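A.B. asks: Below is a structure I'd like to ask you about.
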Amino acid sequence: MDFLGRVRGLARLGVGVSTEYGARSASGALDPLELRARRPDLAGFLELGVEVDRGLDEDARRWVASGAPVTYHFLDVNLDEPEDFDRPWLDAVCAVVEEVSPAWLCGDAGLWHFGPRERGNMLLLPPILTDTAASALAEGIVRLREATGREVLPENPPGQVWVGDLHVLDFFARVCERADTGMLLDTAHLAIYQRACGHAPLTGLDGFPCERVVEMHVAGGRERHHQGLSWIEDGHDVNVLPDTWQIFEAAVARAANLKAVVFECERNGLEATLPGFERIAATLAGLDLAAMHGGDS
Amino acid sequence: MGHVALQRVVVRMLFDGAFADRVYADPEATLSGLALTAVERGWLVGPDRRAYGVDPLRRHRSLQALLEEHPVSAAALAAAGVAVRSHDAFFSGPRFHGAVQARGSLAAAFGEHLAAAARVPLQRGVIALERAMAEARRGVAAPWADGAALRLVGTARVVACPHGTLEAYGVIRAALERGGRSPLETLLAGPVRLPRTPVDPGQAEHVLVEATAGQGDAGAALSFASDELATLLTAARPGATREALLATLGDLGLDAAEGAELLDELVADGLLERAG
């Protein structure tokens, strides 16, 4: 069955929140379970950021123990590098998948580390935007999907240096087609890309197969300056930039198979995050998305 | 596969501003030797040059991780005047660039960088120990030699160093952790003064390094290895036939039955592994 058939079987998760190991060590940071208790409509699932070397922290384990839905966001694999799929790592990923039973796997399809998977080598860079790189990435997605038995949704990463001859949306359209998979569209990352490359916020969206978008991310960012260069830092703040909202609202309207939206704000206080969550929820409600709210797409 | 080489050059440009400047000034000359087309080289200099420098802490973060894995080496060098922060230069050097472009281990390259700075036996000894610890933690065994039946496991190493190195290592490490601080905090607080830790380069000692899971940078057990055990494990490192290892043990005075029993014990103890 092709992806557009398989997507009908994916769970509808609604609006959710993300975490990664130690996220709540920041003073006053959001407790996902507290948010779920107060506003279950805004915390329908938890996206677990996972580095298998670090595993799951206490917050993640408590959420999993509650039985509420999760997705698995990898933080430690270069999908386009065959060397990265070593047996110990794959075994560890499968063990976490077994433990938390995620609705799907997802994560930035970029360079998480240069060289072997070592602590000093960790970073996050976007892929090289070329046709051959798209094919290599697609092969990795298929490999991970076959190894875990779960859908693997590539996410467009953030970055300031973009190299290659394709627009990032054209690149991921090729990746999705060749891997026959869905997509996690990070609207904040796309806003960062468009700004860095001098494009308007919605450039490239018309030609993108939005029916493959299963999940979206929304996050706040900070405008920074370096030697006179203005750039956006992917800070996961609560202050979502206008460009990001514009992309989110335009993409949501076209994403017939959207199942989940994460507001990435894990290091902020609960009260401060509510306006962002509510705007996301209101946008989705206004569009009456069948896939998100119960009807078949 | 041009995208692979391109991605690695991007990493090098992000870490090394002077290198990025050279790429922008003359891509063809700077990147000669890499399988990149003129169009691909052009992509590298397409972004605003300043975009490569928006993260000024990139080197700092990586150096921190490397120093956390080599604290005693850095302390031994610092006590002799090699400032801890001077290791930032590693990211502008050929070992860093070579490791990134060849997908090598950055920790291994940093270990080479430290070893090149060593001037006295104590420094050479503790650097050798911490390099072996870093290797053991990564658990990569040597490729099997043709016909080999046994080899040293990837999570173990045997190090030959000046007599007194293991004791010195423990004393310096404890000094770095005094007062509940992390070794890195102590290093960065400076100045670094070493406890009295004499070593004797006229005599060698062998240290067995065994990685232990789940303990981060402290995750390696160190113990003395007899000369005989060190000889055997060193011979087994790249893999060897059982007969060759029994011959080595024979040279060390064990008869065939004793040698066979010892090899089986080392397999059971997890120091040697069998092919297949």
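Order determines the names: the first chain of the structure tokens is A, the second B, and so forth; residues in each chain are numbered 1 upward, and ligands are numbered 1 upward as they are shown.
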Set the distance at 8 Å and use only C-alpha atoms: which residues neighbour stretch 255-268 of chain A once local chain neighbours fewer than 2 positions away are removed? I'd like the list as a PyMOL selection string.
C.D. replies: chain A and resi 7-8+10-19+23-24+26+28-30+47+210-220+236-238+251-253+270+272-273+276-277+280+289-292+297
A.B. asks: Could you write out as a ChimeraX atom specification the residues of chain A within 7 Å of chain B, counting only C-alpha atoms?
C.D. replies: /A:114-116,119-121,128,133,160-164,226-227,229
A.B. asks: Please measure the separation of atom CA of A:Glu51 and atom CA of A:Ala92, giving the value in Å to one decimal.
C.D. replies: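 Distance between the two atoms: 9.7 Å.
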A.B. asks: Skip A:Ser135 itself and residues of its chain fewer than 5 positions away, then list as a ChimeraX atom specification all residues within 12 Å of it, counting only C-alpha atoms.
C.D. replies: /A:79-81,127-130,140-142,171-180 /B:1,3
A.B. asks: Tell me which protein, DNA and RNA residues are within 10 Å of B:Leu263, counting only C-alpha atoms, leaving out same-chain ones fewer than 2 positions away, and put them as a list in words.
C.D. replies: Leu150, Leu232, Arg242, Leu245, Leu246, Leu249, Glu258, Gly259, Ala260, Glu261, Glu265, Leu266, Val267, Ala268, Asp269, Leu271, Leu272 and Glu273 of chain B
A.B. asks: How far is it from atom CA of B:Met13 to atom CA of B:Glu28, in Å with one decimal?
C.D. replies: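 A separation of 14.8 Å between them.
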A.B. asks: Excluding stretch 103-107 of chain A and its own-chain neighbours fewer than 6 positions away, which residues fall within 8 Å of it when counting only C-alpha atoms? Please give them as JSON, numbers by chain.
C.D. replies: {"A": [10, 11, 69, 70, 71, 72, 73, 74, 75, 150, 151, 152, 153, 154, 155, 184]}
A.B. asks: Could you check which of B:His70, B:Arg22, B:Arg95, B:Arg151 is closest to B:Gln123, using only C-alpha atoms?
C.D. replies: B:His70
A.B. asks: Counting only C-alpha atoms, what is within 8 Å of A:His113, bar same-chain residues fewer than 6 positions away, as a list in words?
C.D. replies: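 Result of the neighbour search: Asp76, Val77, Asn78, Asn121, Met122, Leu123 and Leu124 of chain A.
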A.B. asks: I need the residues of stretch 189-295 of chain A that end up classed as strand (DSSP E) by DSSP on the backbone, written out as number ranges by chain.
C.D. replies: A: 213-226, 229-237, 260-264
A.B. asks: Store the residues picked out above in a file with N, CA and C atoms, as a PDB file, in the first residue's frame.
C.D. replies:
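Contents of selection02.pdb, freshly written:
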```pdb
ATOM      1  N   VAL A 213       1.845  15.987   4.232  1.00  0.00           N
ATOM      2  CA  VAL A 213       2.163  16.540   5.553  1.00  0.00           C
ATOM      3  C   VAL A 213       1.262  15.891   6.601  1.00  0.00           C
ATOM      4  N   VAL A 214       1.891  15.157   7.502  1.00  0.00           N
ATOM      5  CA  VAL A 214       1.165  14.450   8.560  1.00  0.00           C
ATOM      6  C   VAL A 214       1.257  15.221   9.867  1.00  0.00           C
ATOM      7  N   GLU A 215       2.365  15.897  10.052  1.00  0.00           N
ATOM      8  CA  GLU A 215       2.585  16.613  11.316  1.00  0.00           C
ATOM      9  C   GLU A 215       3.193  17.973  10.999  1.00  0.00           C
ATOM     10  N   MET A 216       2.876  18.941  11.843  1.00  0.00           N
ATOM     11  CA  MET A 216       3.523  20.251  11.730  1.00  0.00           C
ATOM     12  C   MET A 216       4.078  20.666  13.080  1.00  0.00           C
ATOM     13  N   HIS A 217       5.111  21.473  13.021  1.00  0.00           N
ATOM     14  CA  HIS A 217       5.659  22.115  14.212  1.00  0.00           C
ATOM     15  C   HIS A 217       5.480  23.618  14.090  1.00  0.00           C
ATOM     16  N   VAL A 218       5.168  24.231  15.212  1.00  0.00           N
ATOM     17  CA  VAL A 218       5.148  25.684  15.327  1.00  0.00           C
ATOM     18  C   VAL A 218       6.046  26.033  16.511  1.00  0.00           C
ATOM     19  N   ALA A 219       6.872  27.049  16.378  1.00  0.00           N
ATOM     20  CA  ALA A 219       7.747  27.450  17.486  1.00  0.00           C
ATOM     21  C   ALA A 219       8.104  28.914  17.338  1.00  0.00           C
ATOM     22  N   GLY A 220       8.395  29.522  18.471  1.00  0.00           N
ATOM     23  CA  GLY A 220       8.854  30.901  18.440  1.00  0.00           C
ATOM     24  C   GLY A 220      10.330  30.967  18.105  1.00  0.00           C
ATOM     25  N   GLY A 221      10.732  32.113  17.610  1.00  0.00           N
ATOM     26  CA  GLY A 221      12.141  32.322  17.280  1.00  0.00           C
ATOM     27  C   GLY A 221      12.566  33.715  17.689  1.00  0.00           C
ATOM     28  N   ARG A 222      13.856  33.927  17.663  1.00  0.00           N
ATOM     29  CA  ARG A 222      14.414  35.215  18.047  1.00  0.00           C
ATOM     30  C   ARG A 222      15.223  35.792  16.904  1.00  0.00           C
ATOM     31  N   GLU A 223      15.034  37.053  16.644  1.00  0.00           N
ATOM     32  CA  GLU A 223      15.844  37.693  15.617  1.00  0.00           C
ATOM     33  C   GLU A 223      17.194  38.059  16.214  1.00  0.00           C
ATOM     34  N   ARG A 224      18.256  37.669  15.550  1.00  0.00           N
ATOM     35  CA  ARG A 224      19.616  37.932  16.015  1.00  0.00           C
ATOM     36  C   ARG A 224      20.368  38.697  14.936  1.00  0.00           C
ATOM     37  N   HIS A 225      21.496  39.241  15.357  1.00  0.00           N
ATOM     38  CA  HIS A 225      22.333  39.974  14.399  1.00  0.00           C
ATOM     39  C   HIS A 225      23.779  39.530  14.573  1.00  0.00           C
ATOM     40  N   HIS A 226      24.445  39.310  13.463  1.00  0.00           N
ATOM     41  CA  HIS A 226      25.849  38.928  13.504  1.00  0.00           C
ATOM     42  C   HIS A 226      26.586  39.710  12.426  1.00  0.00           C
ATOM     43  N   LEU A 229      24.459  41.006   9.877  1.00  0.00           N
ATOM     44  CA  LEU A 229      23.550  40.046   9.240  1.00  0.00           C
ATOM     45  C   LEU A 229      22.413  39.734  10.198  1.00  0.00           C
ATOM     46  N   SER A 230      21.198  39.920   9.737  1.00  0.00           N
ATOM     47  CA  SER A 230      20.026  39.588  10.552  1.00  0.00           C
ATOM     48  C   SER A 230      19.656  38.134  10.298  1.00  0.00           C
ATOM     49  N   TRP A 231      19.463  37.377  11.371  1.00  0.00           N
ATOM     50  CA  TRP A 231      19.092  35.973  11.205  1.00  0.00           C
ATOM     51  C   TRP A 231      18.158  35.562  12.340  1.00  0.00           C
ATOM     52  N   ILE A 232      17.461  34.446  12.139  1.00  0.00           N
ATOM     53  CA  ILE A 232      16.483  33.986  13.139  1.00  0.00           C
ATOM     54  C   ILE A 232      17.031  32.753  13.835  1.00  0.00           C
ATOM     55  N   GLU A 233      17.051  32.831  15.151  1.00  0.00           N
ATOM     56  CA  GLU A 233      17.467  31.682  15.944  1.00  0.00           C
ATOM     57  C   GLU A 233      16.242  30.838  16.271  1.00  0.00           C
ATOM     58  N   ASP A 234      16.404  29.539  16.132  1.00  0.00           N
ATOM     59  CA  ASP A 234      15.306  28.596  16.410  1.00  0.00           C
ATOM     60  C   ASP A 234      15.251  28.344  17.914  1.00  0.00           C
ATOM     61  N   GLY A 235      14.712  29.309  18.653  1.00  0.00           N
ATOM     62  CA  GLY A 235      14.833  29.273  20.107  1.00  0.00           C
ATOM     63  C   GLY A 235      13.746  28.524  20.836  1.00  0.00           C
ATOM     64  N   HIS A 236      12.727  28.062  20.120  1.00  0.00           N
ATOM     65  CA  HIS A 236      11.559  27.425  20.770  1.00  0.00           C
ATOM     66  C   HIS A 236      10.964  28.340  21.839  1.00  0.00           C
ATOM     67  N   ASP A 237      10.942  29.628  21.532  1.00  0.00           N
ATOM     68  CA  ASP A 237      10.292  30.604  22.409  1.00  0.00           C
ATOM     69  C   ASP A 237       8.780  30.510  22.236  1.00  0.00           C
ATOM     70  N   ALA A 260      -1.344  15.838  13.337  1.00  0.00           N
ATOM     71  CA  ALA A 260      -0.763  16.290  14.601  1.00  0.00           C
ATOM     72  C   ALA A 260      -0.039  17.620  14.411  1.00  0.00           C
ATOM     73  N   VAL A 261      -0.148  18.469  15.415  1.00  0.00           N
ATOM     74  CA  VAL A 261       0.607  19.727  15.430  1.00  0.00           C
ATOM     75  C   VAL A 261       1.255  19.875  16.797  1.00  0.00           C
ATOM     76  N   VAL A 262       2.571  20.133  16.807  1.00  0.00           N
ATOM     77  CA  VAL A 262       3.292  20.352  18.064  1.00  0.00           C
ATOM     78  C   VAL A 262       3.626  21.831  18.186  1.00  0.00           C
ATOM     79  N   PHE A 263       3.344  22.385  19.383  1.00  0.00           N
ATOM     80  CA  PHE A 263       3.880  23.698  19.705  1.00  0.00           C
ATOM     81  C   PHE A 263       5.163  23.450  20.504  1.00  0.00           C
ATOM     82  N   GLU A 264       6.302  23.742  19.890  1.00  0.00           N
ATOM     83  CA  GLU A 264       7.591  23.461  20.533  1.00  0.00           C
ATOM     84  C   GLU A 264       7.957  24.620  21.466  1.00  0.00           C
TER      85      GLU A 264
END
```
A.B. asks: Would you kindly return, as a ChimeraX atom specification, each protein, DNA or RNA residue with an atom no farther than 12 Å from any atom of B:Ala117, considering only C-alpha atoms and excluding same-chain residues fewer than 5 positions away?
C.D. replies: /B:73-74,76-78,80-84,86-87,90,110-112,123-124,127
A.B. asks: List every residue of stretch 87-229 of chain A that DSSP, applied to the backbone, labels as alpha helix (DSSP H), and write the result as a PyMOL selection string.
C.D. replies: chain A and resi 87-100+131-148+168-179+187-196
A.B. asks: Residues as selected, C-alpha atoms, written as a tab-separated table (two decimals), in the first residue's frame, can you do that?
C.D. replies:
```tsv
chain	number	residue	atom	x	y	z
A	87	ARG	CA	23.40	-2.49	14.78
A	88	PRO	CA	23.73	-1.19	18.37
A	89	TRP	CA	21.98	2.06	17.47
A	90	LEU	CA	19.21	0.32	15.57
A	91	ASP	CA	18.71	-2.13	18.43
A	92	ALA	CA	18.50	0.74	20.90
A	93	VAL	CA	15.98	2.59	18.73
A	94	CYS	CA	13.84	-0.52	18.42
A	95	ALA	CA	13.97	-1.00	22.20
A	96	VAL	CA	12.68	2.54	22.77
A	97	VAL	CA	10.00	2.05	20.14
A	98	GLU	CA	8.95	-1.13	21.90
A	99	GLU	CA	8.88	0.67	25.23
A	100	VAL	CA	6.93	3.79	24.26
A	131	ASP	CA	18.90	15.59	-6.12
A	132	THR	CA	21.46	12.95	-5.12
A	133	ALA	CA	21.21	13.97	-1.48
A	134	ALA	CA	17.42	13.61	-1.69
A	135	SER	CA	17.83	10.04	-2.93
A	136	ALA	CA	20.30	9.18	-0.16
A	137	LEU	CA	17.94	10.59	2.44
A	138	ALA	CA	15.01	8.64	1.04
A	139	GLU	CA	17.01	5.41	1.29
A	140	GLY	CA	17.67	6.06	4.96
A	141	ILE	CA	14.01	6.75	5.66
A	142	VAL	CA	12.98	3.48	4.07
A	143	ARG	CA	15.67	1.65	6.01
A	144	LEU	CA	14.55	3.07	9.34
A	145	ARG	CA	10.90	2.42	8.53
A	146	GLU	CA	11.65	-1.20	7.72
A	147	ALA	CA	13.79	-1.64	10.83
A	148	THR	CA	11.24	-0.18	13.24
A	168	VAL	CA	14.09	23.16	0.53
A	169	LEU	CA	10.45	22.35	-0.27
A	170	ASP	CA	11.36	20.94	-3.68
A	171	PHE	CA	14.08	18.90	-1.99
A	172	PHE	CA	11.67	17.39	0.54
A	173	ALA	CA	9.03	16.79	-2.12
A	174	ARG	CA	11.57	14.53	-3.85
A	175	VAL	CA	12.51	12.87	-0.57
A	176	CYS	CA	8.88	12.11	0.26
A	177	GLU	CA	8.12	10.77	-3.18
A	178	ARG	CA	11.22	8.53	-3.34
A	179	ALA	CA	10.74	7.19	0.19
A	187	THR	CA	6.87	25.99	9.93
A	188	ALA	CA	9.41	27.86	12.08
A	189	HIS	CA	12.30	26.15	10.31
A	190	LEU	CA	10.75	26.98	6.96
A	191	ALA	CA	10.45	30.63	7.98
A	192	ILE	CA	14.13	30.59	8.95
A	193	TYR	CA	15.06	29.09	5.59
A	194	GLN	CA	12.97	31.54	3.58
A	195	ARG	CA	14.49	34.49	5.44
A	196	ALA	CA	18.05	33.18	5.10
```
